>>> print(open('entry_31.csv').read())   # CSV, C-alpha atoms
chain,number,residue,atom,x,y,z
V,1,MET,CA,9.4,-15.6,5.7
V,2,ARG,CA,10.3,-18.3,3.3
V,3,ARG,CA,8.8,-21.6,2.6
V,4,GLN,CA,10.1,-24.4,0.4
V,5,LEU,CA,7.8,-25.4,-2.5
V,6,PRO,CA,7.4,-29.1,-3.0
V,7,ASN,CA,9.9,-30.6,-5.4
V,8,SER,CA,11.4,-27.2,-6.0
V,9,GLN,CA,14.7,-26.0,-4.9
V,10,LYS,CA,13.6,-22.5,-5.0
V,11,PRO,CA,12.3,-21.0,-1.8
V,12,PHE,CA,8.9,-19.4,-1.9
V,13,ARG,CA,8.6,-15.8,-0.8
V,14,LEU,CA,5.3,-14.5,0.6
V,15,PHE,CA,6.2,-11.1,-0.7
V,16,ARG,CA,8.3,-10.5,-3.7
V,17,ASP,CA,11.2,-8.3,-3.0
V,18,THR,CA,12.0,-6.9,-6.4
V,19,GLU,CA,10.4,-6.5,-9.8
V,20,GLN,CA,13.1,-8.7,-11.2
V,21,GLU,CA,12.0,-11.5,-9.0
V,22,LEU,CA,8.4,-11.1,-10.1
V,23,ALA,CA,9.5,-11.2,-13.8
V,24,ARG,CA,11.5,-14.3,-13.1
V,25,GLU,CA,8.5,-16.0,-11.5
V,26,GLN,CA,6.2,-15.1,-14.4
V,27,ALA,CA,8.7,-16.3,-17.0
V,28,THR,CA,9.0,-19.6,-15.2
V,29,LEU,CA,5.3,-19.9,-14.9
V,30,ARG,CA,4.9,-19.2,-18.6
V,31,LEU,CA,7.4,-21.9,-19.5
V,32,THR,CA,5.7,-24.4,-17.2
V,33,ARG,CA,2.3,-23.7,-18.8
V,34,GLN,CA,3.5,-24.2,-22.3
V,35,ASP,CA,5.0,-27.5,-21.5
V,36,PRO,CA,2.6,-30.1,-22.9
V,37,GLN,CA,4.0,-33.1,-21.0
V,38,SER,CA,3.3,-31.5,-17.7
V,39,THR,CA,-0.4,-31.0,-18.3
V,40,GLU,CA,-1.4,-34.3,-20.0
V,41,ASP,CA,-2.3,-37.5,-18.3
V,42,ARG,CA,-2.9,-35.9,-15.0
V,43,GLY,CA,-5.6,-37.0,-12.6
V,44,ILE,CA,-7.6,-35.0,-10.2
V,45,ASP,CA,-4.9,-34.9,-7.6
V,46,ASN,CA,-2.5,-33.7,-10.2
V,47,LYS,CA,-0.7,-37.1,-10.1
V,48,PRO,CA,0.2,-38.9,-13.2
V,49,ILE,CA,-2.2,-41.7,-14.1
V,50,LEU,CA,0.1,-44.7,-14.2
V,51,PRO,CA,-1.1,-47.7,-16.2
V,52,ALA,CA,-0.9,-50.8,-14.0
V,53,GLY,CA,0.4,-53.8,-15.9
V,54,ARG,CA,-1.1,-57.3,-15.8
V,55,THR,CA,1.6,-58.4,-13.4
V,56,GLY,CA,0.5,-55.7,-11.0
V,57,LYS,CA,3.9,-54.2,-11.2
V,58,ILE,CA,3.6,-50.5,-11.3
V,59,PRO,CA,6.1,-48.9,-13.7
V,60,GLU,CA,8.3,-46.2,-12.5
V,61,PRO,CA,6.8,-42.7,-12.9
V,62,PRO,CA,8.4,-40.5,-15.5
V,63,ALA,CA,11.0,-38.1,-14.2
V,64,SER,CA,9.5,-34.9,-13.0
V,65,HIS,CA,9.9,-32.1,-15.5
V,66,GLU,CA,11.9,-29.2,-14.2
V,67,PRO,CA,11.1,-25.9,-16.0
V,68,ALA,CA,13.9,-24.5,-18.1
V,69,PRO,CA,15.4,-21.3,-16.8
V,70,ALA,CA,14.1,-18.2,-18.6
V,71,ALA,CA,16.3,-16.7,-21.2
V,72,GLY,CA,18.2,-13.8,-20.0
V,73,PHE,CA,18.1,-14.7,-16.4
V,74,ILE,CA,21.3,-15.8,-14.7
V,75,GLN,CA,20.8,-18.8,-12.5
V,76,GLU,CA,22.5,-17.9,-9.3
V,77,PRO,CA,22.7,-20.1,-6.3
V,78,ASP,CA,20.3,-19.1,-3.6
V,79,PRO,CA,22.1,-18.7,-0.3
V,80,GLU,CA,19.2,-19.6,1.7
V,81,VAL,CA,18.6,-23.2,2.7
V,82,SER,CA,15.2,-24.6,3.6
V,83,LEU,CA,14.5,-25.8,7.1
V,84,ALA,CA,14.2,-29.4,5.9
V,85,GLU,CA,17.7,-29.3,4.3
V,86,HIS,CA,19.1,-27.7,7.4
V,87,ASN,CA,17.7,-30.3,9.7
V,88,GLY,CA,18.6,-33.2,7.5
V,89,PHE,CA,15.1,-34.6,7.0
V,90,SER,CA,12.5,-34.1,4.4
V,91,GLU,CA,9.2,-32.6,5.4
V,92,PRO,CA,5.9,-33.5,3.6
V,93,ASP,CA,4.8,-31.4,0.6
V,94,TRP,CA,3.1,-28.6,2.3
V,95,PRO,CA,0.6,-27.1,1.7
V,96,PHE,CA,0.4,-28.9,-1.6
V,97,GLY,CA,0.0,-32.6,-2.1
V,98,SER,CA,1.7,-32.8,-5.4
V,99,GLU,CA,4.0,-31.1,-7.8
V,100,GLY,CA,3.1,-29.7,-11.2
V,101,PRO,CA,2.2,-26.5,-13.0
V,102,GLU,CA,-0.8,-25.9,-10.7
V,103,ALA,CA,1.5,-25.7,-7.8
V,104,SER,CA,3.6,-23.0,-9.4
V,105,GLN,CA,0.4,-21.3,-10.6
V,106,MET,CA,-1.0,-21.2,-7.1
V,107,ALA,CA,2.3,-20.0,-5.6
V,108,SER,CA,2.4,-17.1,-8.1
V,109,ASP,CA,-1.2,-16.1,-8.6
V,110,THR,CA,-3.2,-17.1,-5.5
V,111,PRO,CA,-3.5,-14.8,-2.5
V,112,SER,CA,-1.6,-16.1,0.5
V,113,SER,CA,-4.8,-16.4,2.4
V,114,MET,CA,-6.0,-19.1,0.0
V,115,ILE,CA,-2.8,-21.0,0.3
V,116,PHE,CA,-2.3,-20.8,4.1
V,117,GLY,CA,-5.9,-20.4,5.2
V,118,GLU,CA,-7.2,-18.0,7.7
V,119,LEU,CA,-5.1,-18.2,10.8
V,120,ALA,CA,-7.0,-15.7,12.8
V,121,THR,CA,-9.6,-13.0,12.2
V,122,ALA,CA,-9.6,-9.7,14.1
V,123,TYR,CA,-12.8,-8.2,15.1
V,124,VAL,CA,-13.3,-4.6,16.3
V,125,PRO,CA,-16.7,-3.7,17.6
V,126,TRP,CA,-18.3,-0.8,15.8
V,127,GLN,CA,-18.3,2.4,17.8
V,128,MET,CA,-21.7,4.0,18.6
V,129,PHE,CA,-22.2,7.6,19.4
V,130,THR,CA,-23.9,7.6,22.7
V,131,GLN,CA,-22.5,10.2,25.1
V,132,THR,CA,-19.5,12.4,25.3
V,133,LEU,CA,-17.4,13.6,28.2
V,134,SER,CA,-17.1,17.2,29.2
V,135,LEU,CA,-14.5,19.1,27.3
V,136,ARG,CA,-12.2,19.3,30.2
V,137,GLU,CA,-12.5,15.6,31.1
V,138,ALA,CA,-12.0,14.7,27.5
V,139,LEU,CA,-8.7,16.6,27.3
V,140,ARG,CA,-7.6,15.0,30.5
V,141,ALA,CA,-8.7,11.5,29.5
V,142,GLY,CA,-7.3,11.7,26.0
V,143,THR,CA,-10.7,10.9,24.4
V,144,LEU,CA,-14.0,12.5,23.9
V,145,PHE,CA,-15.8,9.1,24.2
V,146,PRO,CA,-16.1,7.5,27.6
V,147,GLU,CA,-16.3,4.0,26.0
V,148,LEU,CA,-12.7,4.5,24.8
V,149,ILE,CA,-11.2,5.1,28.2
V,150,ARG,CA,-8.9,2.3,29.2
V,151,THR,CA,-8.5,1.4,32.8
V,152,PRO,CA,-6.0,1.2,34.2
V,153,PRO,CA,-4.4,4.1,32.3
V,154,LEU,CA,-1.8,3.1,29.8
V,155,TYR,CA,0.2,6.3,30.2
V,156,LYS,CA,0.7,7.7,33.6
V,157,ARG,CA,2.5,10.9,34.7
V,158,PRO,CA,5.7,9.9,36.4
V,159,GLU,CA,5.9,10.6,40.0
V,160,ALA,CA,7.7,13.8,40.8
H,1,MET,CA,0.4,35.0,31.4
H,2,ASN,CA,-2.5,35.8,33.6
H,3,ALA,CA,-5.2,33.4,34.7
H,4,GLN,CA,-7.8,34.7,32.2
H,5,GLN,CA,-5.4,34.2,29.3
H,6,LYS,CA,-4.5,30.8,30.5
H,7,GLU,CA,-8.2,29.9,30.9
H,8,MET,CA,-9.0,31.0,27.3
H,9,LEU,CA,-6.1,29.0,25.9
H,10,LEU,CA,-7.2,26.0,27.8
H,11,ARG,CA,-10.7,26.4,26.5
H,12,ILE,CA,-9.3,26.6,22.9
H,13,MET,CA,-7.3,23.4,23.5
H,14,GLU,CA,-10.4,21.7,24.8
H,15,LEU,CA,-12.5,22.7,21.9
H,16,GLN,CA,-9.8,21.8,19.4
H,17,PHE,CA,-9.4,18.4,20.9
H,18,ALA,CA,-13.2,17.8,20.9
H,19,ALA,CA,-13.3,18.9,17.3
H,20,THR,CA,-10.4,16.5,16.4
H,21,GLU,CA,-12.1,13.6,18.1
H,22,LEU,CA,-15.4,14.3,16.4
H,23,ASN,CA,-13.5,14.7,13.1
H,24,LEU,CA,-12.0,11.2,13.5
H,25,TYR,CA,-15.3,9.7,14.5
H,26,LEU,CA,-17.0,11.2,11.5
H,27,ASP,CA,-14.4,9.8,9.2
H,28,THR,CA,-15.7,6.4,9.9
H,29,HIS,CA,-19.3,7.4,10.7
H,30,PRO,CA,-20.1,10.1,8.0
H,31,ASP,CA,-23.9,9.5,8.3
H,32,ASP,CA,-24.1,10.1,12.0
H,33,MET,CA,-26.2,13.3,12.1
H,34,ARG,CA,-25.9,13.7,15.9
H,35,ALA,CA,-22.1,13.6,15.7
H,36,LEU,CA,-22.1,16.0,12.7
H,37,GLN,CA,-24.3,18.4,14.7
H,38,GLU,CA,-22.0,18.3,17.6
H,39,PHE,CA,-19.0,18.8,15.4
H,40,ARG,CA,-20.6,21.9,13.9
H,41,MET,CA,-21.4,23.3,17.3
H,42,ARG,CA,-17.9,22.7,18.6
H,43,SER,CA,-16.4,24.2,15.4
H,44,GLN,CA,-18.4,27.4,15.9
H,45,GLU,CA,-17.4,27.6,19.5
H,46,LEU,CA,-13.7,27.0,18.6
H,47,MET,CA,-13.7,29.7,15.9
H,48,SER,CA,-15.4,32.2,18.3
H,49,ALA,CA,-12.9,31.3,21.1
H,50,LYS,CA,-9.9,31.8,18.8
H,51,MET,CA,-11.2,35.1,17.5
H,52,GLU,CA,-11.9,36.3,21.0
H,53,TYR,CA,-8.4,35.3,22.2
H,54,GLU,CA,-6.6,36.8,19.2
H,55,ARG,CA,-8.6,40.0,19.6
H,56,VAL,CA,-7.4,40.3,23.2
H,57,TYR,CA,-4.0,38.7,23.3
H,58,GLY,CA,-2.7,38.6,19.8
H,59,PRO,CA,-2.3,35.9,17.1
H,60,LEU,CA,-2.3,32.3,17.8
H,61,LEU,CA,-0.7,31.4,14.5
H,62,ASN,CA,2.0,33.2,12.5
H,63,TYR,CA,2.8,33.3,8.8
H,64,GLY,CA,-0.4,35.1,8.1
H,65,LEU,CA,-2.7,32.4,9.5
H,66,GLY,CA,-3.8,34.5,12.5
H,67,MET,CA,-5.0,38.0,13.2
H,68,THR,CA,-2.4,40.7,13.6
H,69,GLY,CA,-2.9,43.8,15.8
H,70,ARG,CA,-1.3,47.2,15.6
H,71,THR,CA,2.0,45.9,16.9
H,72,TRP,CA,3.9,42.7,16.3
H,73,GLN,CA,2.3,40.7,19.1
H,74,TRP,CA,3.6,37.3,18.0
H,75,ILE,CA,6.8,37.6,20.1
H,76,GLU,CA,5.0,39.0,23.2
H,77,ASP,CA,3.4,35.8,24.4
H,78,PRO,CA,5.3,33.3,26.4
H,79,TRP,CA,6.3,30.2,24.4
H,80,PRO,CA,4.2,27.1,24.9
H,81,TRP,CA,6.9,25.4,27.0
H,82,GLU,CA,7.1,28.5,29.2
H,83,VAL,CA,3.5,28.1,30.4
H,84,ASN,CA,3.0,26.2,33.6
H,85,TRP,CA,-0.3,24.3,33.1
H,86,ARG,CA,-0.2,22.6,36.5
H,87,ARG,CA,-2.6,24.0,39.0
H,88,SER,CA,-0.7,25.7,41.8
>>> encode(input="entry_31.csv", output="structure tokens")
Amino acid sequence: MRRQLPNSQKPFRLFRDTEQELAREQATLRLTRQDPQSTEDRGIDNKPILPAGRTGKIPEPPASHEPAPAAGFIQEPDPEVSLAEHNGFSEPDWPFGSEGPEASQMASDTPSSMIFGELATAYVPWQMFTQTLSLREALRAGTLFPELIRTPPLYKRPEA
Amino acid sequence: MNAQQKEMLLRIMELQFAATELNLYLDTHPDDMRALQEFRMRSQELMSAKMEYERVYGPLLNYGLGMTGRTWQWIEDPWPWEVNWRRS
């Protein structure tokens, strides 16, 4: 599964495939953290605080800083295309609302459950030792515990 | 394979299965004393049933894991797939 990071042309993998990919991500993250311009003058929402002039005209925001490629890594074109590029429209920055080093940091360090939220939670009732089947019935039923018998039977002897 | 031998083998299979089930239960419920007591009882019965079977009909396991009589009884029993477990 791949997901496009906001303002990043690199697809985001939930699980890293290779150690090389992990090293590349960490190197990129290190470069991004060391960049002073990307960490200053940032508001709570990680958006640059833009001074509004007296005329009310809001100046153009500075160009977003793209992290330099790590030394030693060959920038190879990624054959995969995001869904937004494929469909010809741009989707909103999801799940992040802004770009910046925090976005890269979250993508690299944060567990996926904190990024995507909990989609579902499985619950298995705790088994209690109450009673047991007779040994012959247990071997026939496939379990010693009557509460684990499933009806109708999942596996049935084929008709002869 | 006569009826008594088949019945003893079936008893061993039943006890082995019960011991396996209790083993799996105790893996997740190690403090359940009642299950532990039942496991001990079934284990004792299983060992007794195996020893009794091997004493009469020969080894259940090869490679030195079972009892060996005066002759090489390992090849005297029918193979597991040769036993008809269906009730006639």
>>> atom_distance(input="entry_31.csv", atom1="atom CA of Met8 of chain H", atom2="atom CA of Lys50 of chain H")
8.6 Å
>>> atom_distance(input="entry_31.csv", atom1="atom CA of Gly69 of chain H", atom2="atom CA of Arg55 of chain H")
7.8 Å
>>> closest_residue(input="entry_31.csv", among="H:Pro80, H:Pro30, H:Gly64, H:Pro59", to="chain V", atoms="all atoms listed in the file")
H:Pro30
>>> interface_residues(input="entry_31.csv", of="chain H", to="chain V", cutoff="7 Å", atoms="all atoms listed in the file", output="list of chain:residue names")
H:Glu14, H:Leu15, H:Phe17, H:Ala18, H:Glu21
>>> atom_distance(input="entry_31.csv", atom1="atom CA of Lys156 of chain V", atom2="atom CA of Pro78 of chain H")
27.0 Å
>>> closest_residue(input="entry_31.csv", among="H:Glu45, H:Val56, H:Asn62, H:Met51", to="Ile75 of chain H", atoms="all atoms listed in the file")
H:Asn62
>>> build_atoms(input="entry_31.csv", residues="segment 139-160 of chain V", atoms="N, CA and C atoms", output="tab-separated table (two decimals), in the coordinates of the input")
chain	number	residue	atom	x	y	z
V	139	LEU	N	-10.13	16.26	27.48
V	139	LEU	CA	-8.70	16.60	27.30
V	139	LEU	C	-7.85	15.89	28.31
V	140	ARG	N	-8.38	15.68	29.49
V	140	ARG	CA	-7.60	15.00	30.50
V	140	ARG	C	-7.54	13.49	30.24
V	141	ALA	N	-8.65	12.92	29.76
V	141	ALA	CA	-8.70	11.50	29.50
V	141	ALA	C	-8.04	11.07	28.22
V	142	GLY	N	-7.91	12.01	27.30
V	142	GLY	CA	-7.30	11.70	26.00
V	142	GLY	C	-8.33	11.18	25.00
V	143	THR	N	-9.61	11.26	25.31
V	143	THR	CA	-10.70	10.90	24.40
V	143	THR	C	-11.94	11.58	24.72
V	144	LEU	N	-12.75	11.83	23.71
V	144	LEU	CA	-14.00	12.50	23.90
V	144	LEU	C	-15.11	11.45	24.32
V	145	PHE	N	-14.82	10.19	24.02
V	145	PHE	CA	-15.80	9.10	24.20
V	145	PHE	C	-15.52	8.29	25.40
V	146	PRO	N	-16.45	8.20	26.32
V	146	PRO	CA	-16.10	7.50	27.60
V	146	PRO	C	-15.89	5.98	27.33
V	147	GLU	N	-16.47	5.43	26.26
V	147	GLU	CA	-16.30	4.00	26.00
V	147	GLU	C	-14.85	3.68	25.57
V	148	LEU	N	-14.10	4.71	25.22
V	148	LEU	CA	-12.70	4.50	24.80
V	148	LEU	C	-11.71	4.68	25.88
V	149	ILE	N	-12.18	5.00	27.08
V	149	ILE	CA	-11.20	5.10	28.20
V	149	ILE	C	-10.79	3.75	28.63
V	150	ARG	N	-9.50	3.60	28.75
V	150	ARG	CA	-8.90	2.30	29.20
V	150	ARG	C	-8.50	2.43	30.63
V	151	THR	N	-8.92	1.47	31.40
V	151	THR	CA	-8.50	1.40	32.80
V	151	THR	C	-7.78	0.11	33.05
V	152	PRO	N	-6.67	0.11	33.71
V	152	PRO	CA	-6.00	1.20	34.20
V	152	PRO	C	-5.33	2.08	33.12
V	153	PRO	N	-4.98	3.31	33.38
V	153	PRO	CA	-4.40	4.10	32.30
V	153	PRO	C	-3.14	3.58	31.75
V	154	LEU	N	-3.04	3.63	30.43
V	154	LEU	CA	-1.80	3.10	29.80
V	154	LEU	C	-0.65	4.03	30.05
V	155	TYR	N	-0.92	5.30	30.06
V	155	TYR	CA	0.20	6.30	30.20
V	155	TYR	C	-0.09	7.05	31.52
V	156	LYS	N	0.89	7.11	32.34
V	156	LYS	CA	0.70	7.70	33.60
V	156	LYS	C	1.84	8.75	33.82
V	157	ARG	N	1.47	9.85	34.40
V	157	ARG	CA	2.50	10.90	34.70
V	157	ARG	C	3.48	10.33	35.69
V	158	PRO	N	4.76	10.40	35.41
V	158	PRO	CA	5.70	9.90	36.40
V	158	PRO	C	5.68	10.66	37.67
V	159	GLU	N	5.94	9.92	38.73
V	159	GLU	CA	5.90	10.60	40.00
V	159	GLU	C	7.05	11.57	40.14
V	160	ALA	N	6.72	12.75	40.65
V	160	ALA	CA	7.70	13.80	40.80
V	160	ALA	C	8.63	13.54	41.97
